[in-house]
Amino acid sequence: VDVAKLQDVLKYEGLFPLNISSTGFYGAITAKAVLAFQKKYNVAPIAELDTLQGRLVGNKTLAMLNKLYGINK
């Protein structure tokens, strides 16, 4: 997934800080926002999400991003 696009979507969702540029760097801030997105849309069991802590944008998350925003791999 294009990380900068992902960050833009997360900003739109109110999950990524607006005062931080969408750089395409997948660090702690992006992971935290991804986790919030995953929990918001219930893409996997909470225990699984808590284990991964947003470090992975898997197939279920990609499917939801694609459904909502047309973001593909």
# chains A, B, ... in the order shown; residues from 1 in each chain; ligands from 1
>>> select_by_dssp(residues="chain A", states="helix (DSSP H, G or I)", output="PyMOL selection string")
chain A and resi 3-12+28-40+46-52+59-69
>>> residues_around(residues="Lys39 of chain A", least_positions_apart="2", cutoff="12 Å", atoms="only C-alpha atoms", output="list in words")
Leu15, Lys32, Ala33, Val34, Leu35, Ala36, Phe37, Tyr41, Asn42, Val43, Ala44, Pro45, Ile46, Ala47, Glu48, Leu49, Asp50, Leu52, Gln53, Gly54, Lys60, Thr61 and Met64 of chain A
>>> write_last_selection(atoms="C-alpha atoms", output="mmCIF file, in the first residue's frame")
data_model
loop_
_atom_site.group_PDB
_atom_site.id
_atom_site.type_symbol
_atom_site.label_atom_id
_atom_site.label_comp_id
_atom_site.auth_asym_id
_atom_site.auth_seq_id
_atom_site.Cartn_x
_atom_site.Cartn_y
_atom_site.Cartn_z
ATOM 1 C CA LEU A 15 -6.706 9.170 13.213
ATOM 2 C CA LYS A 32 -0.881 3.892 16.007
ATOM 3 C CA ALA A 33 -3.278 5.394 13.457
ATOM 4 C CA VAL A 34 -3.546 2.096 11.567
ATOM 5 C CA LEU A 35 -4.399 0.300 14.806
ATOM 6 C CA ALA A 36 -7.118 2.861 15.528
ATOM 7 C CA PHE A 37 -8.502 2.381 11.995
ATOM 8 C CA TYR A 41 -13.742 -0.911 11.486
ATOM 9 C CA ASN A 42 -13.338 -4.168 13.415
ATOM 10 C CA VAL A 43 -11.145 -5.738 10.734
ATOM 11 C CA ALA A 44 -9.909 -8.509 13.043
ATOM 12 C CA PRO A 45 -10.350 -9.739 16.615
ATOM 13 C CA ILE A 46 -9.155 -7.189 19.195
ATOM 14 C CA ALA A 47 -6.597 -9.645 20.619
ATOM 15 C CA GLU A 48 -5.020 -10.025 17.171
ATOM 16 C CA LEU A 49 -4.980 -6.269 16.620
ATOM 17 C CA ASP A 50 -3.484 -5.640 20.060
ATOM 18 C CA LEU A 52 0.170 -6.516 15.974
ATOM 19 C CA GLN A 53 -0.195 -2.928 17.261
ATOM 20 C CA GLY A 54 -0.803 -1.546 13.762
ATOM 21 C CA LYS A 60 -8.606 -7.402 5.883
ATOM 22 C CA THR A 61 -7.398 -3.849 6.425
ATOM 23 C CA MET A 64 -11.690 -2.136 4.157
#
>>> closest_residue(among="A:Asn72, A:Gln7, A:Thr51, A:Gln38", to="Thr23 of chain A", atoms="only C-alpha atoms")
A:Gln7
>>> residues_around(residues="segment 2-4 of chain A", least_positions_apart="2", cutoff="8 Å", atoms="only C-alpha atoms", output="PyMOL selection string")
chain A and resi 6-8+22-26+73
>>> closest_residue(among="A:Val1, A:Gly14, A:Ser21, A:Gly27", to="Asn66 of chain A", atoms="only C-alpha atoms")
A:Val1
